[in-house]
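> After the structure tokens below, expect a handful of questions from me.
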Amino acid sequence: MGIDVAAGVAVTGAADGVRPPESFVSGPGVFLRGLTEPVDGLVLAVPEQWFDAAGAARREALYGELAEGLGMPLRQFVPRAVAAVASLEQSSGGHLVCRLEADGVVAAVCGVRGRSVTLCGVEWRAASAGPPVGSPREPQNPQEARRAALLLSRARVQARYRAAPLCLPREVTAGAVLDAFAPVEQSLRSALLPLLAGLTASEGVTQVLLDGGLRRHPLAGAAVQEAATGAPVRVLEDHAAALGAFLVARGTVRIPETARHRLSLRVHRVHQGLLTEAELPLAVPGGPVTLSLQGSGRGPVQEPVRESVQKPVQESVRDGAHDATVDVPDGHRPEVLIRLGDTEIRVPSPALRPGRYRLGLHSAGNGPGVLALRPEDGGETVLLPLSGPAGARTGDTE
């Protein structure tokens with residue numbers, strides 16, 4: 001199953017393919033509770049703004065509600081723009097997704113290579129307050145559409161056309177449409193300028209995809225082409241992101257989340273009755289970023305940490321067949337090691353309640369990500385952004 005969380009749309013599979021998209025208004029949790037059939041795999045398409053350290057809290061809240069609370073097999077969070085591209089039969093190349101809303105825009109370039117879609121760059125901007133903006137009534141026939149397009153293009157440069165009605169019978173004038181759309185177009189240009197300037201030659205745009213509530217606005221396509229590229233423009237369907245998420249859940253398309261840093265957690269491990277120092281791997285460069293870190297599969301540690309151990313007892317690790325967990329004694333804080341090249345950064349966690357924690361990892365833009373420490377007793381998850389503080393220590397690394 002694929003769900004576009006922001007749009008409130010779900011796409012599920014059927015024996016003969018894909019069922020028609022379903023809309024919901026009360027959130028994905030309520031929708032999933034009402035299902036009568038089991039879910040084999042779930043992928044959520046969420047706003048691009050959620051893929052930073054601050055947005056990890058929103059993803060973790062959904063993970064707690066759906067994966068832990070309802071037992072749903074939540075496999076991945078994906079950006080809405082990437083999911084929308086995944087819904088289409090695309091040849092390799094770069095695809096520019098522009099999501100236009102009255103209060104702001106999102107512009108993202110996604111690269112397609114075979115069955116894999118990746119996010120090459122993304123920008124978003126809020127739109128300044130202005131006249132109410134919406135999509136005027138769509139022209140009823142090609143002749144009316146051509147007339148509206150011609151009228152708007154002339155009204156841009158000749159004031160005398162601004163008072164003319166855009167469509168007949170009289171509905172709204174060309175000038176009113178131009179004025180209302182102007183803040184959105186300005187935000188679009190502001191987002192596209194740094195986005196397209198940062199692309200490499202191999203990430204060139206071959207197609208523009210329009211999304212959002214204003215995607216069918218008569219000025220939308222021209223605004224994107226003028227600001228960005230002469231590539232052909234295609235208007236996406238409402239359920240595009242949900243369909244793309246469904247295809248990812250089914251395995252037809254891949255949206256890889258790979259780590260760029262080597263991450264490990266400094267722990268103590270009970271081995272043959274002795275307490276030894278160790279590093280629990282969290283991620284390796286090029287490896288996956290997973291919502292629930294897996295144990296080694298060797299089974300739980302049978303030997304308990306004994307109070308008679310003379311050295312200070314720090315957090316101990318237990319590798320289970322499923323989630324990797326750590327036991328945190330009172331007064332100790334786990335420490336994450338981030339390595340990139342010959343640089344090592346140590347990131348201590350905030351104070352934790354003593355107890356056992358399951359581990360997960362959220363991606364966060366180009367950074368190392370956000371470590372999730374989930375108390376097994378049902379307490380609130382602790383999120384640790386893995387960004388290096390000022391004056392981080394560097395030294396020899398692997």
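Labeling convention for the structure tokens: chains A, B, ... as they appear, residues from 1 per chain, ligands from 1 in order of appearance.
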Pick out the residues sitting within 6 Å of stretch 26-43 of chain A, and hand them over as a list of chain:residue names; count only C-alpha atoms, and ignore anything fewer than 2 positions along from it in its own chain.
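My reading of the contact set: A:Met1, A:Gly2, A:Pro73, A:Leu74, A:Arg75, A:Gln76, A:Ala245, A:Ala249.
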> Show me, as a PyMOL selection string, the residues that have an atom within 8 Å of stretch 11-17 of chain A when counting only C-alpha atoms, minus same-chain residues fewer than 5 positions from it.
chain A and resi 1-3+22+239+242-243+246
> Restricted to C-alpha atoms, what would the selected residues look like written as a JSON list (two decimals), in the first residue's frame?

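Now in again-v1.json:
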```
[["chain", "number", "residue", "atom", "x", "y", "z"],
["A", 1, "MET", "CA", 0.00, 0.00, 0.00],
["A", 2, "GLY", "CA", 1.07, 3.53, -0.73],
["A", 3, "ILE", "CA", -0.25, 6.60, 1.09],
["A", 22, "GLU", "CA", -9.17, 6.11, -1.94],
["A", 239, "HIS", "CA", -3.06, 10.32, -6.64],
["A", 242, "ALA", "CA", 0.25, 7.63, -3.50],
["A", 243, "LEU", "CA", 0.58, 5.44, -6.60],
["A", 246, "PHE", "CA", 2.48, 1.85, -3.73]]
```
> What parts of stretch 178-309 of chain A does DSSP call helix (DSSP H, G or I)? I'd like the answer as a PyMOL selection string.
chain A and resi 178-197+201-203+220-227+240-250
> Run DSSP on the backbone and grab whatever in stretch 131-249 of chain A lands in strand (DSSP E); send it over as a list in words.
Val205, Thr206, Gln207, Val208, Leu209, Leu210, Asp211, Val233, Arg234 and Val235 of chain A
> How about saving the chosen residues, all heavy atoms kept, as a PDB file, in the first residue's frame?

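out33.pdb, written as the output of this step:
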```
ATOM      1  N   VAL A 205      17.176  18.570 -16.966  1.00  0.00           N
ATOM      2  CA  VAL A 205      15.736  18.338 -16.921  1.00  0.00           C
ATOM      3  C   VAL A 205      15.233  17.915 -18.292  1.00  0.00           C
ATOM      4  O   VAL A 205      15.460  18.595 -19.300  1.00  0.00           O
ATOM      5  CB  VAL A 205      15.003  19.607 -16.446  1.00  0.00           C
ATOM      6  CG1 VAL A 205      13.492  19.423 -16.536  1.00  0.00           C
ATOM      7  CG2 VAL A 205      15.423  19.956 -15.023  1.00  0.00           C
ATOM      8  N   THR A 206      14.561  16.762 -18.348  1.00  0.00           N
ATOM      9  CA  THR A 206      13.977  16.271 -19.594  1.00  0.00           C
ATOM     10  C   THR A 206      12.467  16.400 -19.614  1.00  0.00           C
ATOM     11  O   THR A 206      11.853  16.290 -20.686  1.00  0.00           O
ATOM     12  CB  THR A 206      14.348  14.794 -19.811  1.00  0.00           C
ATOM     13  OG1 THR A 206      13.872  14.018 -18.698  1.00  0.00           O
ATOM     14  CG2 THR A 206      15.858  14.627 -19.917  1.00  0.00           C
ATOM     15  N   GLN A 207      11.848  16.610 -18.456  1.00  0.00           N
ATOM     16  CA  GLN A 207      10.402  16.740 -18.382  1.00  0.00           C
ATOM     17  C   GLN A 207      10.034  17.524 -17.131  1.00  0.00           C
ATOM     18  O   GLN A 207      10.695  17.402 -16.102  1.00  0.00           O
ATOM     19  CB  GLN A 207       9.719  15.373 -18.347  1.00  0.00           C
ATOM     20  CG  GLN A 207       8.211  15.435 -18.344  1.00  0.00           C
ATOM     21  CD  GLN A 207       7.547  14.076 -18.450  1.00  0.00           C
ATOM     22  OE1 GLN A 207       6.484  13.933 -19.036  1.00  0.00           O
ATOM     23  NE2 GLN A 207       8.168  13.064 -17.884  1.00  0.00           N
ATOM     24  N   VAL A 208       8.982  18.341 -17.243  1.00  0.00           N
ATOM     25  CA  VAL A 208       8.456  19.093 -16.105  1.00  0.00           C
ATOM     26  C   VAL A 208       7.120  18.498 -15.719  1.00  0.00           C
ATOM     27  O   VAL A 208       6.251  18.279 -16.572  1.00  0.00           O
ATOM     28  CB  VAL A 208       8.282  20.586 -16.453  1.00  0.00           C
ATOM     29  CG1 VAL A 208       7.688  21.333 -15.265  1.00  0.00           C
ATOM     30  CG2 VAL A 208       9.617  21.199 -16.843  1.00  0.00           C
ATOM     31  N   LEU A 209       6.953  18.223 -14.428  1.00  0.00           N
ATOM     32  CA  LEU A 209       5.721  17.641 -13.904  1.00  0.00           C
ATOM     33  C   LEU A 209       5.079  18.631 -12.949  1.00  0.00           C
ATOM     34  O   LEU A 209       5.709  19.074 -11.987  1.00  0.00           O
ATOM     35  CB  LEU A 209       6.016  16.328 -13.169  1.00  0.00           C
ATOM     36  CG  LEU A 209       6.758  15.271 -13.999  1.00  0.00           C
ATOM     37  CD1 LEU A 209       7.163  14.097 -13.121  1.00  0.00           C
ATOM     38  CD2 LEU A 209       5.900  14.798 -15.161  1.00  0.00           C
ATOM     39  N   LEU A 210       3.828  18.988 -13.221  1.00  0.00           N
ATOM     40  CA  LEU A 210       3.099  19.943 -12.383  1.00  0.00           C
ATOM     41  C   LEU A 210       2.231  19.197 -11.382  1.00  0.00           C
ATOM     42  O   LEU A 210       1.479  18.290 -11.737  1.00  0.00           O
ATOM     43  CB  LEU A 210       2.231  20.855 -13.244  1.00  0.00           C
ATOM     44  CG  LEU A 210       2.962  21.852 -14.156  1.00  0.00           C
ATOM     45  CD1 LEU A 210       1.950  22.709 -14.907  1.00  0.00           C
ATOM     46  CD2 LEU A 210       3.914  22.721 -13.355  1.00  0.00           C
ATOM     47  N   ASP A 211       2.314  19.620 -10.116  1.00  0.00           N
ATOM     48  CA  ASP A 211       1.582  18.990  -9.032  1.00  0.00           C
ATOM     49  C   ASP A 211       0.994  20.087  -8.161  1.00  0.00           C
ATOM     50  O   ASP A 211       1.342  21.267  -8.284  1.00  0.00           O
ATOM     51  CB  ASP A 211       2.530  18.100  -8.227  1.00  0.00           C
ATOM     52  CG  ASP A 211       1.792  17.136  -7.311  1.00  0.00           C
ATOM     53  OD1 ASP A 211       0.561  17.026  -7.435  1.00  0.00           O
ATOM     54  OD2 ASP A 211       2.458  16.500  -6.477  1.00  0.00           O
ATOM     55  N   VAL A 233       5.840  19.892 -20.559  1.00  0.00           N
ATOM     56  CA  VAL A 233       5.154  19.963 -19.270  1.00  0.00           C
ATOM     57  C   VAL A 233       4.034  18.939 -19.233  1.00  0.00           C
ATOM     58  O   VAL A 233       3.263  18.811 -20.197  1.00  0.00           O
ATOM     59  CB  VAL A 233       4.586  21.374 -19.023  1.00  0.00           C
ATOM     60  CG1 VAL A 233       3.793  21.415 -17.725  1.00  0.00           C
ATOM     61  CG2 VAL A 233       5.712  22.401 -18.978  1.00  0.00           C
ATOM     62  N   ARG A 234       3.938  18.234 -18.114  1.00  0.00           N
ATOM     63  CA  ARG A 234       2.882  17.244 -17.902  1.00  0.00           C
ATOM     64  C   ARG A 234       2.210  17.514 -16.564  1.00  0.00           C
ATOM     65  O   ARG A 234       2.895  17.776 -15.571  1.00  0.00           O
ATOM     66  CB  ARG A 234       3.461  15.835 -17.930  1.00  0.00           C
ATOM     67  CG  ARG A 234       2.458  14.726 -17.628  1.00  0.00           C
ATOM     68  CD  ARG A 234       3.081  13.368 -17.815  1.00  0.00           C
ATOM     69  NE  ARG A 234       2.177  12.285 -17.482  1.00  0.00           N
ATOM     70  CZ  ARG A 234       2.455  10.994 -17.656  1.00  0.00           C
ATOM     71  NH1 ARG A 234       3.626  10.635 -18.176  1.00  0.00           N
ATOM     72  NH2 ARG A 234       1.581  10.061 -17.324  1.00  0.00           N
ATOM     73  N   VAL A 235       0.900  17.451 -16.543  1.00  0.00           N
ATOM     74  CA  VAL A 235       0.146  17.671 -15.308  1.00  0.00           C
ATOM     75  C   VAL A 235      -0.104  16.325 -14.637  1.00  0.00           C
ATOM     76  O   VAL A 235      -0.617  15.389 -15.266  1.00  0.00           O
ATOM     77  CB  VAL A 235      -1.190  18.380 -15.588  1.00  0.00           C
ATOM     78  CG1 VAL A 235      -1.981  18.567 -14.293  1.00  0.00           C
ATOM     79  CG2 VAL A 235      -0.948  19.735 -16.253  1.00  0.00           C
TER      80      VAL A 235
END
```
> Could you produce a table of the residues of stretch 75-107 of chain A lying within 12 Å of stretch 52-61 of chain A, with the nearest pair of atoms per residue and their separation in Å rounded to one decimal, using only C-alpha atoms, ordered by chain and increasing residue number, as a Markdown table?

```
| residue | atom | partner | partner_atom | distance |
| --- | --- | --- | --- | --- |
| A:Gln76 | CA | A:Arg59 | CA | 10.0 |
| A:Phe77 | CA | A:Arg59 | CA | 7.6 |
| A:Val78 | CA | A:Arg59 | CA | 10.4 |
| A:Pro79 | CA | A:Asp52 | CA | 11.4 |
```
> Restricting the calculation to only C-alpha atoms, which member of A:Ala102, A:Ala164, A:Val82, A:Val112 is positioned closest to A:Gly204?
A:Val112
> To one decimal in Å, tell me the separation between atom CA of A:Leu373 and atom CA of A:Leu263.
14.7 Å
> Excluding A:Leu192 and residues on its chain fewer than 2 positions from it, collect all residues at most 12 Å away from it, counting only C-alpha atoms, and give them as a PyMOL selection string.
chain A and resi 96-99+105-109+121-125+185-190+194-199+205+223-229
> Restrict the selected residues to N, CA and C atoms and save them as a compact mmCIF listing (two decimals), in the first residue's frame.

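Okay, part_37.txt is ready:
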```txt
# COMPACT_ATOMS: atom_id res chain seq x y z
N LEU A 96 11.75 17.46 -13.39
CA LEU A 96 11.49 18.58 -12.50
C LEU A 96 10.04 18.54 -12.06
N VAL A 97 9.82 18.40 -10.75
CA VAL A 97 8.48 18.39 -10.18
C VAL A 97 8.25 19.74 -9.51
N CYS A 98 7.18 20.43 -9.92
CA CYS A 98 6.82 21.72 -9.33
C CYS A 98 5.44 21.58 -8.69
N ARG A 99 5.40 21.69 -7.38
CA ARG A 99 4.13 21.62 -6.66
C ARG A 99 3.70 23.04 -6.32
N VAL A 105 5.36 27.00 -2.80
CA VAL A 105 5.73 26.05 -3.86
C VAL A 105 6.86 25.14 -3.38
N VAL A 106 6.93 23.98 -4.00
CA VAL A 106 8.05 23.07 -3.84
C VAL A 106 8.55 22.72 -5.23
N ALA A 107 9.86 22.80 -5.44
CA ALA A 107 10.47 22.42 -6.71
C ALA A 107 11.54 21.37 -6.42
N ALA A 108 11.48 20.27 -7.12
CA ALA A 108 12.42 19.17 -6.88
C ALA A 108 12.83 18.56 -8.21
N VAL A 109 14.10 18.21 -8.32
CA VAL A 109 14.61 17.47 -9.48
C VAL A 109 14.88 16.05 -9.05
N GLY A 121 17.81 17.24 -5.89
CA GLY A 121 17.80 18.55 -5.24
C GLY A 121 16.37 19.01 -5.02
N VAL A 122 16.16 19.83 -4.00
CA VAL A 122 14.82 20.31 -3.70
C VAL A 122 14.90 21.68 -3.05
N GLU A 123 13.95 22.54 -3.36
CA GLU A 123 13.81 23.86 -2.75
C GLU A 123 12.32 24.10 -2.51
N TRP A 124 12.02 24.84 -1.45
CA TRP A 124 10.63 25.24 -1.22
C TRP A 124 10.61 26.67 -0.72
N ARG A 125 9.53 27.36 -1.08
CA ARG A 125 9.37 28.76 -0.71
C ARG A 125 7.91 29.01 -0.34
N GLU A 185 4.08 32.71 -8.59
CA GLU A 185 5.11 32.69 -9.63
C GLU A 185 6.44 33.24 -9.11
N GLN A 186 6.37 34.26 -8.28
CA GLN A 186 7.61 34.81 -7.71
C GLN A 186 8.30 33.77 -6.83
N SER A 187 7.51 33.05 -6.02
CA SER A 187 8.09 32.01 -5.17
C SER A 187 8.67 30.89 -6.01
N LEU A 188 7.99 30.56 -7.10
CA LEU A 188 8.50 29.52 -7.99
C LEU A 188 9.86 29.91 -8.56
N ARG A 189 9.99 31.12 -9.04
CA ARG A 189 11.26 31.57 -9.59
C ARG A 189 12.36 31.54 -8.53
N SER A 190 12.00 31.96 -7.32
CA SER A 190 12.97 31.97 -6.23
C SER A 190 13.45 30.56 -5.90
N PRO A 194 18.17 28.64 -7.48
CA PRO A 194 19.27 27.87 -6.87
C PRO A 194 19.19 26.39 -7.18
N LEU A 195 17.98 25.87 -7.37
CA LEU A 195 17.83 24.44 -7.63
C LEU A 195 18.48 24.07 -8.95
N LEU A 196 18.14 24.78 -10.01
CA LEU A 196 18.66 24.45 -11.33
C LEU A 196 20.13 24.83 -11.46
N ALA A 197 20.56 25.87 -10.75
CA ALA A 197 21.97 26.25 -10.81
C ALA A 197 22.87 25.18 -10.19
N GLY A 198 22.34 24.41 -9.26
CA GLY A 198 23.15 23.40 -8.58
C GLY A 198 23.18 22.05 -9.26
N LEU A 199 22.47 21.90 -10.38
CA LEU A 199 22.44 20.61 -11.06
C LEU A 199 23.68 20.40 -11.92
N VAL A 205 17.18 18.57 -16.97
CA VAL A 205 15.74 18.34 -16.92
C VAL A 205 15.23 17.91 -18.29
N ALA A 223 4.65 29.56 -16.59
CA ALA A 223 5.53 30.09 -15.56
C ALA A 223 6.73 29.18 -15.34
N VAL A 224 6.51 27.88 -15.33
CA VAL A 224 7.61 26.94 -15.13
C VAL A 224 8.56 26.97 -16.32
N GLN A 225 8.02 26.95 -17.51
CA GLN A 225 8.88 26.93 -18.70
C GLN A 225 9.69 28.22 -18.83
N GLU A 226 9.08 29.34 -18.50
CA GLU A 226 9.80 30.61 -18.60
C GLU A 226 10.90 30.70 -17.54
N ALA A 227 10.60 30.18 -16.36
CA ALA A 227 11.57 30.31 -15.26
C ALA A 227 12.65 29.25 -15.30
N ALA A 228 12.35 28.11 -15.93
CA ALA A 228 13.27 27.00 -15.76
C ALA A 228 13.81 26.44 -17.07
N THR A 229 12.95 25.96 -17.91
CA THR A 229 13.42 25.16 -19.03
C THR A 229 12.36 25.08 -20.09
```
